[in-house]
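J.: Here you go, this is work_10.txt (compact mmCIF, C-alpha atoms).
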# COMPACT_ATOMS: atom_id res chain seq x y z
CA PRO H 1 98.89 79.16 -2.71
CA THR H 2 95.94 80.09 -0.53
CA ARG H 3 92.73 78.31 -0.55
CA THR H 4 89.76 80.30 -1.41
CA GLY H 5 87.56 81.19 1.62
CA ALA H 6 90.19 80.43 4.35
CA GLN H 7 90.50 83.03 7.14
CA THR H 8 93.51 83.83 9.24
CA THR H 9 92.93 84.55 12.98
CA ALA H 10 95.38 86.91 14.78
CA LEU H 11 96.14 85.97 18.43
CA PRO H 12 96.96 88.72 20.98
CA PRO H 13 100.55 88.86 22.12
CA VAL H 14 101.26 86.92 25.30
CA SER H 15 102.91 89.06 27.99
CA GLY H 16 104.83 87.52 30.84
CA PRO H 17 104.70 88.60 34.50
CA GLU H 18 105.94 92.07 35.30
CA PRO H 19 109.40 92.20 36.72
CA SER H 20 109.48 92.92 40.43
CA GLY H 21 110.09 96.56 41.24
CA SER H 22 108.17 97.87 38.20
CA ARG H 23 104.55 98.92 38.17
CA SER H 24 102.30 100.19 35.41
CA ASP H 25 101.51 103.35 37.42
CA GLY H 26 105.10 104.48 37.09
CA THR H 27 105.82 104.60 40.81
CA GLY H 28 108.44 101.89 40.59
CA GLY H 29 107.34 100.20 43.84
CA GLN H 30 107.91 103.37 45.91
CA PRO H 31 105.29 104.29 48.52
CA PRO H 32 102.98 107.12 47.53
CA GLN H 33 103.79 110.61 48.58
CA GLY H 34 102.51 111.67 52.03
CA THR H 35 103.08 108.28 53.68
CA SER H 36 105.85 107.46 56.13
CA ALA H 37 108.08 104.50 55.52
CA ALA H 38 110.22 104.84 58.66
CA SER H 39 111.99 101.67 59.58
CA PRO H 40 111.71 100.13 63.08
CA ALA H 41 115.26 101.33 63.73
CA GLN H 42 114.13 104.92 63.16
CA ARG H 43 111.21 104.54 65.64
CA THR H 44 113.33 103.02 68.39
CA PRO H 45 114.38 106.31 70.08
CA TYR H 46 110.77 107.38 70.45
CA ASP H 47 109.69 103.98 71.78
CA THR H 48 112.62 103.97 74.20
CA LYS H 49 111.71 107.44 75.49
CA VAL H 50 108.12 106.43 76.20
CA GLU H 51 109.24 103.28 78.00
CA SER H 52 111.79 105.17 80.09
CA GLU H 53 109.15 107.67 81.20
CA ALA H 54 106.83 104.84 82.14
CA GLU H 55 109.58 103.16 84.10
CA GLN H 56 110.18 106.36 86.11
CA GLN H 57 106.61 106.55 87.42
CA PRO H 58 106.49 103.46 89.70
CA PRO H 59 109.43 104.59 91.89
CA ALA H 60 107.68 107.93 92.51
CA VAL H 61 104.53 106.13 93.64
CA GLU H 62 106.62 103.75 95.73
CA SER H 63 108.40 106.64 97.48
CA GLN H 64 105.03 107.93 98.71
CA ARG H 65 104.15 104.55 100.24
CA ARG H 66 107.39 103.60 101.97
CA TRP H 67 108.05 103.99 105.67
CA ARG H 68 109.83 107.17 106.79
CA ALA H 69 111.08 108.34 110.17
CA LEU H 70 110.06 111.76 111.51
CA VAL H 71 111.73 114.02 114.05
CA GLN H 72 109.90 117.11 115.31
CA ALA H 73 112.49 119.41 116.90
CA PRO H 74 112.55 121.94 118.27
CA LEU H 75 108.94 122.22 119.45
CA PHE H 76 107.71 125.35 121.24
CA ALA H 77 104.36 125.19 123.03
CA LEU H 78 101.93 127.54 124.76
CA GLY H 79 99.56 125.94 127.26
CA VAL H 80 96.31 127.18 128.80
CA GLY H 81 95.46 124.88 131.73
CA PRO H 82 95.39 122.61 133.57
CA LEU H 83 97.30 124.93 135.95
CA PRO H 84 95.89 128.42 136.67
CA HIS H 85 98.40 130.43 134.62
CA THR H 86 99.33 130.32 130.93
CA THR H 87 102.71 128.66 130.59
CA PHE H 88 105.37 127.91 128.00
CA GLY H 89 106.98 124.58 127.19
CA GLY H 90 109.47 122.94 124.88
CA GLY H 91 110.26 119.46 123.68
CA LEU H 92 110.49 117.11 120.73
CA ALA H 93 108.69 114.22 119.05
CA LEU H 94 109.68 111.05 117.21
CA GLY H 95 107.45 109.32 114.71
CA LEU H 96 106.87 107.12 111.70
CA GLU H 97 105.05 107.91 108.48
CA HIS H 98 103.57 105.47 105.98
CA ALA H 99 101.41 106.60 103.06
CA LYS H 100 98.94 109.05 104.68
CA TRP H 101 99.30 107.71 108.23
CA GLN H 102 101.54 109.05 111.00
CA TRP H 103 102.35 107.78 114.50
CA GLN H 104 104.13 110.12 116.93
CA LEU H 105 105.52 109.99 120.46
CA LYS H 106 105.94 113.49 121.92
CA ALA H 107 107.45 114.81 125.16
CA LEU H 108 107.04 118.36 126.51
CA SER H 109 108.55 119.96 129.59
CA TRP H 110 106.44 122.84 130.91
CA GLN H 111 107.69 125.90 132.71
CA ARG H 112 107.44 125.74 136.50
CA GLN H 113 104.82 128.04 137.95
CA SER H 114 103.82 129.20 141.41
CA VAL H 115 100.29 128.43 142.58
CA PRO H 116 99.14 130.51 145.58
CA ALA H 117 96.98 129.05 148.33
CA PRO H 118 93.65 130.88 148.00
CA ASP H 119 92.88 131.06 151.74
CA PHE H 120 96.43 131.54 153.05
CA PRO H 121 98.31 134.58 151.70
CA GLY H 122 102.05 134.02 151.45
CA TYR H 123 101.68 130.26 151.05
CA GLY H 124 101.40 128.13 147.96
CA ALA H 125 103.19 125.56 145.84
CA ASP H 126 105.72 125.49 143.01
CA VAL H 127 104.47 123.07 140.37
CA ALA H 128 106.40 121.53 137.48
CA ARG H 129 104.89 119.31 134.81
CA ILE H 130 106.34 116.94 132.19
CA ALA H 131 103.92 115.44 129.65
CA ALA H 132 104.27 112.64 127.13
CA ASP H 133 101.63 111.49 124.67
CA PHE H 134 101.16 109.12 121.75
CA SER H 135 99.16 110.24 118.72
CA ALA H 136 97.82 108.58 115.59
CA CYS H 137 97.16 110.89 112.62
CA ARG H 138 95.94 110.72 109.03
CA GLU H 139 97.14 113.46 106.70
CA ILE H 140 95.02 115.25 104.11
CA ARG H 141 97.45 116.86 101.70
CA SER H 142 96.96 119.38 98.92
CA SER H 143 100.10 120.28 96.97
CA TRP H 144 102.57 121.76 99.48
CA VAL H 145 100.12 122.06 102.43
CA GLY H 146 98.91 119.22 104.64
CA PHE H 147 96.45 118.86 107.54
CA SER H 148 96.37 115.95 109.98
CA PRO H 149 93.58 115.27 112.48
CA CYS H 150 94.98 113.20 115.38
CA LEU H 151 93.80 111.30 118.43
CA THR H 152 96.08 111.36 121.46
CA ALA H 153 96.55 109.51 124.75
CA GLY H 154 99.16 110.53 127.29
CA MET H 155 100.61 110.68 130.76
CA GLU H 156 102.00 113.56 132.79
CA ARG H 157 104.28 113.71 135.80
CA VAL H 158 103.52 116.47 138.27
CA SER H 159 106.05 117.64 140.88
CA ALA H 160 105.02 120.09 143.62
CA SER H 161 106.76 121.60 146.63
CA GLY H 162 105.22 123.89 149.26
CA THR H 163 106.28 127.51 149.70
CA GLY H 164 105.82 129.80 152.68
CA LYS H 165 106.99 130.34 156.24
CA ASP H 166 107.79 127.15 158.18
CA ILE H 167 106.90 124.93 155.17
CA ALA H 168 109.27 122.01 154.67
CA SER H 169 110.93 122.16 151.24
CA SER H 170 110.02 118.64 150.17
CA THR H 171 108.83 117.66 146.69
CA GLN H 172 105.94 115.31 146.03
CA ASN H 173 105.25 113.63 142.67
CA ALA H 174 102.07 112.35 141.07
CA LEU H 175 101.06 110.83 137.72
CA GLY H 176 98.05 111.78 135.62
CA MET H 177 96.34 110.43 132.49
CA THR H 178 95.09 112.48 129.55
CA ALA H 179 93.20 111.97 126.29
CA GLY H 180 92.47 114.42 123.50
CA ALA H 181 92.54 115.46 119.86
CA VAL H 182 94.94 117.59 117.79
CA ILE H 183 94.90 119.27 114.39
CA GLN H 184 98.35 119.51 112.80
CA GLY H 185 99.16 121.72 109.83
CA ARG H 186 102.27 121.34 107.66
CA LEU H 187 103.98 123.60 105.16
CA TYR H 188 106.28 121.55 102.90
CA LEU H 189 109.44 123.62 102.59
CA ALA H 190 111.49 120.83 100.95
CA SER H 191 111.43 117.05 100.59
CA TRP H 192 113.29 116.70 103.91
CA ILE H 193 111.84 119.48 106.11
CA ARG H 194 108.39 120.87 106.98
CA LEU H 195 107.09 123.72 109.11
CA LEU H 196 104.68 122.33 111.71
CA ALA H 197 101.87 124.03 113.63
CA ALA H 198 99.40 122.26 115.91
CA VAL H 199 96.38 123.11 118.04
CA GLY H 200 95.00 120.54 120.44
CA GLY H 201 92.79 119.99 123.45
CA GLN H 202 93.09 117.38 126.17
CA VAL H 203 90.93 116.09 128.98
CA GLU H 204 92.44 115.39 132.40
CA LEU H 205 91.27 111.86 133.17
CA SER H 206 92.84 111.91 136.63
CA ARG H 207 92.98 115.44 138.05
CA PRO H 208 95.93 115.71 140.46
CA LYS H 209 95.23 117.66 143.63
CA ILE H 210 97.90 119.84 145.28
CA SER H 211 97.73 120.29 149.04
CA ILE H 212 100.01 121.43 151.88
CA LYS H 213 100.06 119.53 155.11
CA GLY H 214 98.54 121.64 157.81
CA LEU H 215 96.94 124.06 155.33
CA GLY H 216 94.84 121.80 153.18
CA SER H 217 94.08 121.97 149.48
CA VAL H 218 95.89 124.52 147.33
CA TYR H 219 94.77 123.66 143.79
CA GLN H 220 93.25 120.86 141.74
CA PHE H 221 94.05 120.47 138.05
CA ALA H 222 91.43 121.86 135.63
CA PRO H 223 89.37 119.24 133.77
CA ALA H 224 90.72 120.30 130.34
CA ALA H 225 93.63 122.14 128.72
CA LEU H 226 94.48 123.75 125.39
CA THR H 227 97.90 123.61 123.71
CA VAL H 228 99.32 125.48 120.71
CA ALA H 229 102.65 124.28 119.30
CA LEU H 230 105.06 125.39 116.57
CA GLY H 231 108.21 123.69 115.30
CA LEU H 232 110.10 121.97 112.51
CA GLU H 233 109.60 118.43 111.25
CA TRP H 234 112.56 116.59 109.73
CA ILE H 235 112.09 113.63 107.36
CA LEU H 236 114.75 110.91 107.58
What's the structure tokens form of this structure?
T.:
Amino acid sequence: PTRTGAQTTALPPVSGPEPSGSRSDGTGGQPPQGTSAASPAQRTPYDTKVESEAEQQPPAVESQRRWRALVQAPLFALGVGPLPHTTFGGGLALGLEHAKWQWQLKALSWQRQSVPAPDFPGYGADVARIAADFSACREIRSSWVGFSPCLTAGMERVSASGTGKDIASSTQNALGMTAGAVIQGRLYLASWIRLLAAVGGQVELSRPKISIKGLGSVYQFAPAALTVALGLEWIL
């Protein structure tokens, strides 16, 4: 029996926690469309590729900074001065290269030429010249072309013998000092060979004087000379 005036209160149903893996939006715990859920294992090849490319860069930079040996051979030269006639020469050079700096030791043997005595027709001297110089250069490179301004200091050995009637065939030697500047141009044909061209001027610090006993002075070296050279440069 129910008492008169009593009211019954209805309580809402109590729901427990949702099971894992189920959501009210119906997605079932799956990521929404348009998003990537790639695992770390799937990203590894891309990460490895980026790291391998980064690891390849330092050796390339290091190769530009390491020491390298240079051999310039053969070298063909054309000289104007210090003797009166234009002459040809040949030789080679050895050097070292580090970053943009180059140090070279060059030797050239010049063609022997005959110098006539100005006041005595039929008399003169045969003169031979061997030159060696040291140069320090800094290269300015753009792609496959490079230019190197250089400062040089050198020595030359001069050998002369008199010519003419009743002149004793004896040879006299003398040493001279030179200083100058050179512009070298390079065409990079490959990583191990370059085409080299150079134009330089030098000042004769000690001007050798050629004379014949009994005749007097024949010729004195000009105060300056110009040299043009062409050759190959090998990188070791």
J.: First collect every listed atom of stretch 209-215 of chain H; then fit an axis-aligned box around them, widen it by 8 Å on each side, and give centre and edge lengths in Å to one decimal, as lines of an AutoDock Vina configuration file.
T.:
center_x = 97.6
center_y = 120.9
center_z = 150.7
size_x = 20.8
size_y = 22.4
size_z = 30.2
J.: Need to verify the contact set: stretch 107-112 of chain H, 8 Å, all atoms listed in the file, exclusion of same-chain residues closer than 5 positions in sequence. Can you return it as a ChimeraX atom specification?
T.: /H:87-93,126-133
J.: Given only C-alpha atoms as the basis, pick out the residue of H:Thr163, H:Ser211, H:Ser148, H:Gln202 nearest to H:Gly180.
T.: H:Gln202
J.: Provide the atom CA of H:Ser135 to atom CA of H:Ala73 distance in Å, to one decimal place.
T.: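 Separation of atom CA of H:Ser135 and atom CA of H:Ala73: 16.3 Å.
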J.: Within 10 Å of H:Lys213, counting only C-alpha atoms, which residues qualify if same-chain residues fewer than 2 places away don't, as a ChimeraX atom specification?
T.: /H:162,167-168,211,215-217
J.: Please, what distance in Å, to one decimal, runs between atom CA of H:Lys100 and atom CA of H:Ile140?
T.: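 Calculated distance between atom CA of H:Lys100 and atom CA of H:Ile140 is 7.4 Å.
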J.: Show me, as a PDB file with C-alpha atoms, in the frame of the given file, the residues that have an atom within 7 Å of H:Tyr123 when counting all atoms listed in the file, minus same-chain residues fewer than 4 positions from it.
T.:
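File selection.pdb, as written:
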ATOM      1  CA  PRO H 116      99.140 130.510 145.580  1.00  0.00           C
ATOM      2  CA  ALA H 117      96.980 129.050 148.330  1.00  0.00           C
ATOM      3  CA  THR H 163     106.280 127.510 149.700  1.00  0.00           C
ATOM      4  CA  GLY H 164     105.820 129.800 152.680  1.00  0.00           C
TER       5      GLY H 164
END
J.: Would you mind telling me which residue in H:Arg186, H:His85, H:Arg194, H:Lys106 lies nearest to H:Thr152 when using only C-alpha atoms?
T.: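 The shortest atom-to-atom distance to H:Thr152 comes from H:Lys106.
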J.: How many Å lie between atom CA of H:Ala153 and atom CA of H:Leu189, rounded to one decimal?
T.: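 Separation of atom CA of H:Ala153 and atom CA of H:Leu189: 29.3 Å.
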J.: For each of H:Gly81, H:Leu230, H:Gly146, H:Val115, take the minimum atom-to-atom distance to H:Val203, counting all atoms listed in the file, then give the residue where this is smallest.
T.: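 The shortest atom-to-atom distance to H:Val203 comes from H:Gly81.
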J.: Calculated over all atoms listed in the file, which of the candidates H:Gln113, H:Thr171, H:Ser161, H:Gln102 has the smallest distance to H:Ala69?
T.: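 Under the stated criterion, the closest residue is H:Gln102.
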J.: Return stretch 182-193 of chain H, completed with all heavy atoms, as a PDB file, keeping the file's coordinate frame.
T.:
ATOM      1  N   VAL H 182      94.043 116.550 118.292  1.00  0.00           N
ATOM      2  CA  VAL H 182      94.940 117.590 117.790  1.00  0.00           C
ATOM      3  C   VAL H 182      94.726 117.758 116.294  1.00  0.00           C
ATOM      4  O   VAL H 182      94.469 116.778 115.583  1.00  0.00           O
ATOM      5  CB  VAL H 182      96.416 117.248 118.080  1.00  0.00           C
ATOM      6  CG1 VAL H 182      97.339 118.322 117.528  1.00  0.00           C
ATOM      7  CG2 VAL H 182      96.650 117.076 119.580  1.00  0.00           C
ATOM      8  N   ILE H 183      94.849 118.976 115.829  1.00  0.00           N
ATOM      9  CA  ILE H 183      94.900 119.270 114.390  1.00  0.00           C
ATOM     10  C   ILE H 183      96.286 119.794 114.083  1.00  0.00           C
ATOM     11  O   ILE H 183      96.712 120.813 114.640  1.00  0.00           O
ATOM     12  CB  ILE H 183      93.837 120.304 113.974  1.00  0.00           C
ATOM     13  CG1 ILE H 183      92.435 119.735 114.150  1.00  0.00           C
ATOM     14  CG2 ILE H 183      94.043 120.709 112.519  1.00  0.00           C
ATOM     15  CD1 ILE H 183      92.110 118.604 113.197  1.00  0.00           C
ATOM     16  N   GLN H 184      97.008 119.097 113.202  1.00  0.00           N
ATOM     17  CA  GLN H 184      98.350 119.510 112.800  1.00  0.00           C
ATOM     18  C   GLN H 184      98.309 120.065 111.370  1.00  0.00           C
ATOM     19  O   GLN H 184      97.652 119.495 110.495  1.00  0.00           O
ATOM     20  CB  GLN H 184      99.325 118.340 112.857  1.00  0.00           C
ATOM     21  CG  GLN H 184      99.544 117.769 114.243  1.00  0.00           C
ATOM     22  CD  GLN H 184     100.520 116.615 114.252  1.00  0.00           C
ATOM     23  OE1 GLN H 184     100.890 116.090 113.191  1.00  0.00           O
ATOM     24  NE2 GLN H 184     100.932 116.208 115.440  1.00  0.00           N
ATOM     25  N   GLY H 185      99.019 121.154 111.154  1.00  0.00           N
ATOM     26  CA  GLY H 185      99.160 121.720 109.830  1.00  0.00           C
ATOM     27  C   GLY H 185     100.630 121.740 109.419  1.00  0.00           C
ATOM     28  O   GLY H 185     101.504 122.024 110.250  1.00  0.00           O
ATOM     29  N   ARG H 186     100.886 121.422 108.153  1.00  0.00           N
ATOM     30  CA  ARG H 186     102.270 121.340 107.660  1.00  0.00           C
ATOM     31  C   ARG H 186     102.439 122.185 106.401  1.00  0.00           C
ATOM     32  O   ARG H 186     101.591 122.162 105.511  1.00  0.00           O
ATOM     33  CB  ARG H 186     102.661 119.899 107.359  1.00  0.00           C
ATOM     34  CG  ARG H 186     102.836 119.035 108.590  1.00  0.00           C
ATOM     35  CD  ARG H 186     103.113 117.583 108.208  1.00  0.00           C
ATOM     36  NE  ARG H 186     103.420 116.793 109.377  1.00  0.00           N
ATOM     37  CZ  ARG H 186     102.491 116.294 110.207  1.00  0.00           C
ATOM     38  NH1 ARG H 186     101.216 116.519 109.962  1.00  0.00           N
ATOM     39  NH2 ARG H 186     102.846 115.586 111.262  1.00  0.00           N
ATOM     40  N   LEU H 187     103.568 122.875 106.359  1.00  0.00           N
ATOM     41  CA  LEU H 187     103.980 123.600 105.160  1.00  0.00           C
ATOM     42  C   LEU H 187     105.245 122.919 104.647  1.00  0.00           C
ATOM     43  O   LEU H 187     106.272 122.907 105.330  1.00  0.00           O
ATOM     44  CB  LEU H 187     104.248 125.066 105.497  1.00  0.00           C
ATOM     45  CG  LEU H 187     104.691 125.965 104.331  1.00  0.00           C
ATOM     46  CD1 LEU H 187     103.596 126.046 103.285  1.00  0.00           C
ATOM     47  CD2 LEU H 187     105.057 127.352 104.840  1.00  0.00           C
ATOM     48  N   TYR H 188     105.166 122.321 103.455  1.00  0.00           N
ATOM     49  CA  TYR H 188     106.280 121.550 102.900  1.00  0.00           C
ATOM     50  C   TYR H 188     107.309 122.504 102.306  1.00  0.00           C
ATOM     51  O   TYR H 188     107.147 123.021 101.195  1.00  0.00           O
ATOM     52  CB  TYR H 188     105.761 120.583 101.835  1.00  0.00           C
ATOM     53  CG  TYR H 188     105.044 119.381 102.409  1.00  0.00           C
ATOM     54  CD1 TYR H 188     103.775 119.507 102.957  1.00  0.00           C
ATOM     55  CD2 TYR H 188     105.638 118.128 102.415  1.00  0.00           C
ATOM     56  CE1 TYR H 188     103.112 118.420 103.501  1.00  0.00           C
ATOM     57  CE2 TYR H 188     104.983 117.022 102.952  1.00  0.00           C
ATOM     58  CZ  TYR H 188     103.727 117.180 103.492  1.00  0.00           C
ATOM     59  OH  TYR H 188     103.076 116.097 104.033  1.00  0.00           O
ATOM     60  N   LEU H 189     108.383 122.735 103.050  1.00  0.00           N
ATOM     61  CA  LEU H 189     109.440 123.620 102.590  1.00  0.00           C
ATOM     62  C   LEU H 189     110.373 122.929 101.603  1.00  0.00           C
ATOM     63  O   LEU H 189     110.874 123.548 100.666  1.00  0.00           O
ATOM     64  CB  LEU H 189     110.243 124.133 103.793  1.00  0.00           C
ATOM     65  CG  LEU H 189     109.425 124.839 104.880  1.00  0.00           C
ATOM     66  CD1 LEU H 189     110.328 125.243 106.041  1.00  0.00           C
ATOM     67  CD2 LEU H 189     108.702 126.064 104.315  1.00  0.00           C
ATOM     68  N   ALA H 190     110.637 121.643 101.820  1.00  0.00           N
ATOM     69  CA  ALA H 190     111.490 120.830 100.950  1.00  0.00           C
ATOM     70  C   ALA H 190     111.102 119.367 101.189  1.00  0.00           C
ATOM     71  O   ALA H 190     110.251 119.064 102.024  1.00  0.00           O
ATOM     72  CB  ALA H 190     112.970 121.062 101.246  1.00  0.00           C
ATOM     73  N   SER H 191     111.754 118.471 100.449  1.00  0.00           N
ATOM     74  CA  SER H 191     111.430 117.050 100.590  1.00  0.00           C
ATOM     75  C   SER H 191     111.889 116.477 101.924  1.00  0.00           C
ATOM     76  O   SER H 191     111.467 115.400 102.314  1.00  0.00           O
ATOM     77  CB  SER H 191     112.068 116.256  99.449  1.00  0.00           C
ATOM     78  OG  SER H 191     113.486 116.403  99.475  1.00  0.00           O
ATOM     79  N   TRP H 192     112.723 117.210 102.661  1.00  0.00           N
ATOM     80  CA  TRP H 192     113.290 116.700 103.910  1.00  0.00           C
ATOM     81  C   TRP H 192     112.948 117.545 105.126  1.00  0.00           C
ATOM     82  O   TRP H 192     113.366 117.228 106.241  1.00  0.00           O
ATOM     83  CB  TRP H 192     114.818 116.614 103.780  1.00  0.00           C
ATOM     84  CG  TRP H 192     115.451 117.866 103.240  1.00  0.00           C
ATOM     85  CD1 TRP H 192     115.626 118.178 101.926  1.00  0.00           C
ATOM     86  CD2 TRP H 192     115.940 118.982 103.991  1.00  0.00           C
ATOM     87  NE1 TRP H 192     116.215 119.412 101.802  1.00  0.00           N
ATOM     88  CE2 TRP H 192     116.429 119.938 103.054  1.00  0.00           C
ATOM     89  CE3 TRP H 192     116.046 119.270 105.350  1.00  0.00           C
ATOM     90  CZ2 TRP H 192     116.988 121.139 103.443  1.00  0.00           C
ATOM     91  CZ3 TRP H 192     116.614 120.483 105.738  1.00  0.00           C
ATOM     92  CH2 TRP H 192     117.068 121.392 104.792  1.00  0.00           C
ATOM     93  N   ILE H 193     112.171 118.631 104.962  1.00  0.00           N
ATOM     94  CA  ILE H 193     111.840 119.480 106.110  1.00  0.00           C
ATOM     95  C   ILE H 193     110.462 120.115 105.895  1.00  0.00           C
ATOM     96  O   ILE H 193     110.088 120.464 104.778  1.00  0.00           O
ATOM     97  CB  ILE H 193     112.911 120.560 106.334  1.00  0.00           C
ATOM     98  CG1 ILE H 193     112.656 121.310 107.630  1.00  0.00           C
ATOM     99  CG2 ILE H 193     112.980 121.511 105.156  1.00  0.00           C
ATOM    100  CD1 ILE H 193     113.778 122.240 108.036  1.00  0.00           C
TER     101      ILE H 193
END
